[in-house]
Amino acid sequence: MTDPAIDVKHLCKSFHGRRVVDDVSLTVGRGEIYGFLGPNGSGKTTSIRLMCGLLTPDKGSGTCLGFDILQESASIKRRVGYMTQRFSFWEDLTIRENLEFVARLYEMDRRRETVDLAIENLGLQGRANQLAGSLSGGWKQRLALAACMLHKPELLLLDEPTAGVDPTARRDYWEELHKLAAQGISVLVSTHYMDEAERCHKLAYIAYGKLLATGTAQEIVASQKLFTLAVRGDGLAALAARLEAMPEVAQTVMFGTALHVSGTDESALQGAVNGTSSGYEVTPVETGLEDVFIYMMNHSRDNFGARP
Amino acid sequence: MRLAFSFTRWWGVVMKEFLQLRRDRLTFGMIVGIPVIQLVLFGYAINSDPKHLPTALVLGEQTGFTRSIETALHNSEYFSLVTAADEQEARTLLAQGKVQFVVSVPQDFTRRLLRGEHPAMLLEADATDPTATGGALAALQGIVASAASRECRGALAFLRGKPDPFQFIVHRLYNPEGLTHYNIVPGLMGVILTMTTVMMTGLAMTRERERGTMENLLASPVSPLEIMTGKIVPYIFIGHVQVAIILLLSFLLFDVPFLGNPLALYVAALLFIAANLTVGVTLSSFAKNQLQALQMTLFYFLPNIMLSGFMFPFAGMPKWAQAIGNILPLTYFNRAVRGILLKGYSWTDLWPHLFPLLIFCLVVMSISARFFKKTLD
């Protein structure tokens with residue numbers, strides 16, 4: 001584990017005068033599962049495309065698997081498996097034909113064996129001649145992952161691989177990712193799901209093109225210094241509206257039957273909540289990743305809104 | 001950038017295109033359907049030397065002479081006579097488009113003729129469409145001569161006038177009967193190839209972009225050259241299938257002669273198909289989706305059909321139009337095919353029409369390689 005899998009610095013990319021990626025620096029170690037989080041349109045996809053040479057950055061530099069992202073994109077492409085957000089294999093080809101085509105594109109030896117093995121691992125032996133377009137969402141994602149893995153890449157770039165996939169299929173998918181990571185394959189995966197974020201070794205949170213936080217889940221939670229109280233009782237919606245208006249309260253988020261109220265000053269928050277919510281059950285809880293992300297997103301929006 | 005061409009990758013692209021094509025029923029239908037439909041429609045329906053045109057005859061008198069003219073008009077095969085009561089009715093028929101011509105013979109025509117007064121008949125033509133009237137009007141001179149020679153005999157021989165001091169002898173070479181379909185059917189080969197191959201390659205490339213699969217291709221090690229040439233190959237094959245269909249039909253249905261060398265035709269077709277495919281690929285690198293690719297194909301198709309000499313005589317076009325026609329591959333291919341089929345061109349005859357195709361291919365290919373987007377920017 002000498003050099004990191006991804007090491008990019010100060011990446012910038014604009015489309016039509018709009019900064020989509022703004023000064024993003026990121027280091028992904030070998031064998032690491034690195035979660036890439038952020039709201040829609042925050043620049044996750046663009047950042048991933050910059051790293052694998054599908055887009056050229058306006059500014060910034062870096063290496064991917066030790067190759068320069070500006071000069072050596074051909075070498076990077078051979079060693080990276082990139083899975084697009086939308087299913088981007090050929091729906092009018094069968095599963096086997098798709099895999100065989102990919103094997104040819106990467107000039108692999110013993111293609112037939114490799115493809116057979118991949119189909120077997122997928123558990124799709126009986127359906128290898130089915131058109132890829134007729135697969136369900138979960139199967140499509142698994143096929144896409146298998147196709148990305150076919151040429152045994154050292155790094156996987158996965159762009160929202162589990163969007164629209166049911167929980168069981170997602171769990172299987174993540175088990176697969178962890179197995180791959182254990183074999184030393186690095187993974188950069190973007191996601192919207194908090195449970196998935198918690199399964200990553202490290203996380204990066206991006207909003208409006210800017211990287212807001214990086215580190216382990218615990219580090220990110222700690223970095224924001226948020227305190228959270230859980231409030232239970234009836235009529236929480238009305239209470240939330242009242243609490244939101246108070247300066248001591250940074251945000252309120254509903255979690256099932258509990259309302260999470262967060263603030264940066266512990267005693268002020270406690271005072272504010274206790275003063276407003278008599279008759280409710282108030283317990284301090286640990287601030288979760290989701291609380292922190294919602295907080296960061298609202299915060300960054302405020303910062304950006306102030307800019308001309 | 002390393003200029004590496006991998007046969008394995010290239011063959012992968014070729015195989016994939018063939019597989020996709022095989023599953024695309026509509027495209028397959030187009031490959032066979034368009035040549036058959038176009039050939040039958042153009043071959044049977046279009047005639048630039050129309051005959052049996054409806055003609056109203058207004059006779060101011062009934063004499064042996066007028067009957068003779070009637071017969072001569074009829075025998076020319078250009079005129080199909082209907083009788084009109086008077087000038088008024090004939091004019092109405094002409095205005096309504098029910099007749100193409102009105103022939104009026106004045107009342108005392110025969111009498112004045114016999115007196116040697118050199119009388120005139122009137123032929124009014126609906127000349128809105130020059131093609132419709134051209135042939136018939138050109139035949140008039142012969143009709144007068146034939147009627148005159150029949151009637152002006154014996155004592156009337158003096159009316160015949162002296163023969164012309166000299167004459168032209170006309171040999172219609174390559175298409176002695178002047179059959180339109182001898183010209184149209186070989187011309188259609190290029191038109192059909194232009195239409196289908198440009199469109200199909202244009203669609204093949206934009207389809208990848210529209211379905212998001214282009215991102216996948218670009219993320220793999222496959223090079224633009226491999227993608228472009230790999231996508232072209234299946235359509236070269238399809239183009240030749242179409243050429244075979246057209247040749248077979250033109251032989252079976254229209255008896256179009258094939259005087260030249262089949263190999264020469266094959267080479268010309270290969271070059272021409274390649275030229276069209278490079279155009280298709282280039283258009284598709286500018287088009288954002290399949291609809292735009294189709295629209296661009298139409299833009300390319302129109303000047304080709306109008307200015308290549310397929311529909312209208314090339315020599316009759318103004319200089320600027322000829323200049324445009326001279327950069328279109330269809331212009332050269334039309335000349336080559338007509339030459340091979342009807343004139344029995346040899347390789348030396350053919351060369352002037354082949355090398356422009358070659359140049360066209362190279363130029364367009366380099367343009368498209370230049371504009372192919374290797375990244376998603």
# chains A, B, ... in the order shown; residues from 1 in each chain; ligands from 1
>>> residues_around(residues="Leu283 (chain B)", least_positions_apart="6", cutoff="10 Å", atoms="only C-alpha atoms", output="ChimeraX atom specification")
/B:198-199,201-203,205-206,277,292-297,300,368
>>> residues_around(residues="region 270-273 of chain B", least_positions_apart="3", cutoff="7 Å", atoms="only C-alpha atoms", output="PyMOL selection string")
chain B and resi 193+236+239+266-267+276-277+329+333+357-358
>>> write_last_selection(atoms="N, CA and C atoms", output="PDB file, in the first residue's frame")
ATOM      1  N   LEU B 193     -28.772   4.433 -51.102  1.00  0.00           N
ATOM      2  CA  LEU B 193     -27.620   4.243 -50.219  1.00  0.00           C
ATOM      3  C   LEU B 193     -27.382   5.486 -49.372  1.00  0.00           C
ATOM      4  N   ILE B 236     -21.393  -1.025 -43.973  1.00  0.00           N
ATOM      5  CA  ILE B 236     -20.797  -1.300 -45.286  1.00  0.00           C
ATOM      6  C   ILE B 236     -21.394  -2.593 -45.821  1.00  0.00           C
ATOM      7  N   GLY B 239     -24.954  -1.916 -46.834  1.00  0.00           N
ATOM      8  CA  GLY B 239     -24.964  -1.183 -48.093  1.00  0.00           C
ATOM      9  C   GLY B 239     -24.831  -2.124 -49.279  1.00  0.00           C
ATOM     10  N   TYR B 266     -18.766  -2.864 -57.742  1.00  0.00           N
ATOM     11  CA  TYR B 266     -18.553  -3.202 -56.344  1.00  0.00           C
ATOM     12  C   TYR B 266     -17.588  -2.206 -55.699  1.00  0.00           C
ATOM     13  N   VAL B 267     -16.508  -1.905 -56.404  1.00  0.00           N
ATOM     14  CA  VAL B 267     -15.512  -0.969 -55.864  1.00  0.00           C
ATOM     15  C   VAL B 267     -16.128   0.422 -55.696  1.00  0.00           C
ATOM     16  N   ASN B 276     -20.504   7.896 -47.457  1.00  0.00           N
ATOM     17  CA  ASN B 276     -21.748   8.199 -46.738  1.00  0.00           C
ATOM     18  C   ASN B 276     -21.628   7.925 -45.253  1.00  0.00           C
ATOM     19  N   LEU B 277     -20.942   6.825 -44.937  1.00  0.00           N
ATOM     20  CA  LEU B 277     -20.828   6.458 -43.530  1.00  0.00           C
ATOM     21  C   LEU B 277     -19.985   7.476 -42.765  1.00  0.00           C
ATOM     22  N   PRO B 329     -20.815  13.402 -52.964  1.00  0.00           N
ATOM     23  CA  PRO B 329     -20.405  12.081 -53.461  1.00  0.00           C
ATOM     24  C   PRO B 329     -21.436  11.453 -54.404  1.00  0.00           C
ATOM     25  N   PHE B 333     -21.035   9.191 -57.873  1.00  0.00           N
ATOM     26  CA  PHE B 333     -21.497   7.807 -57.874  1.00  0.00           C
ATOM     27  C   PHE B 333     -22.561   7.602 -58.951  1.00  0.00           C
ATOM     28  N   LEU B 357     -14.496  10.509 -54.854  1.00  0.00           N
ATOM     29  CA  LEU B 357     -15.098   9.804 -53.715  1.00  0.00           C
ATOM     30  C   LEU B 357     -14.049   9.511 -52.654  1.00  0.00           C
ATOM     31  N   LEU B 358     -12.891   9.098 -53.130  1.00  0.00           N
ATOM     32  CA  LEU B 358     -11.793   8.769 -52.228  1.00  0.00           C
ATOM     33  C   LEU B 358     -11.378  10.000 -51.418  1.00  0.00           C
TER      34      LEU B 358
END
>>> interface_residues(of="chain A", to="chain B", cutoff="6 Å", atoms="only C-alpha atoms", output="count of residues only")
9
>>> residues_around(residues="Leu124 (chain A)", least_positions_apart="6", cutoff="12 Å", atoms="only C-alpha atoms", output="list in words")
Thr94, Ile95, Arg96, Val115, Asp116, Leu117, Ala118, Gln130, Ala132, Leu135, Trp139, Lys140, Arg142, Leu143 and Ala146 of chain A
>>> atom_distance(atom1="CA of Glu244 (chain A)", atom2="CA of Glu196 (chain A)")
28.7 Å
>>> closest_residue(among="B:Ala56, B:Ser80, B:Val233, B:Lys98", to="Leu122 (chain B)", atoms="only C-alpha atoms")
B:Ala56
>>> residues_around(residues="region 205-222 of chain A", least_positions_apart="6", cutoff="6 Å", atoms="only C-alpha atoms", output="VMD selection string")
chain A and resid 20 to 22 24 37 to 38 42 to 43
>>> write_last_selection(atoms="C-alpha atoms", output="tab-separated table (two decimals), in the first residue's frame")
chain	number	residue	atom	x	y	z
A	20	VAL	CA	-19.91	22.58	-10.55
A	21	VAL	CA	-16.80	21.38	-8.78
A	22	ASP	CA	-14.99	23.95	-6.72
A	24	VAL	CA	-12.08	19.62	-4.38
A	37	LEU	CA	-22.11	12.15	-0.06
A	38	GLY	CA	-24.00	15.26	-0.94
A	42	SER	CA	-23.74	18.90	-5.67
A	43	GLY	CA	-21.02	17.80	-8.09
>>> atom_distance(atom1="CA of Leu328 (chain B)", atom2="CA of Ile184 (chain B)")
18.2 Å
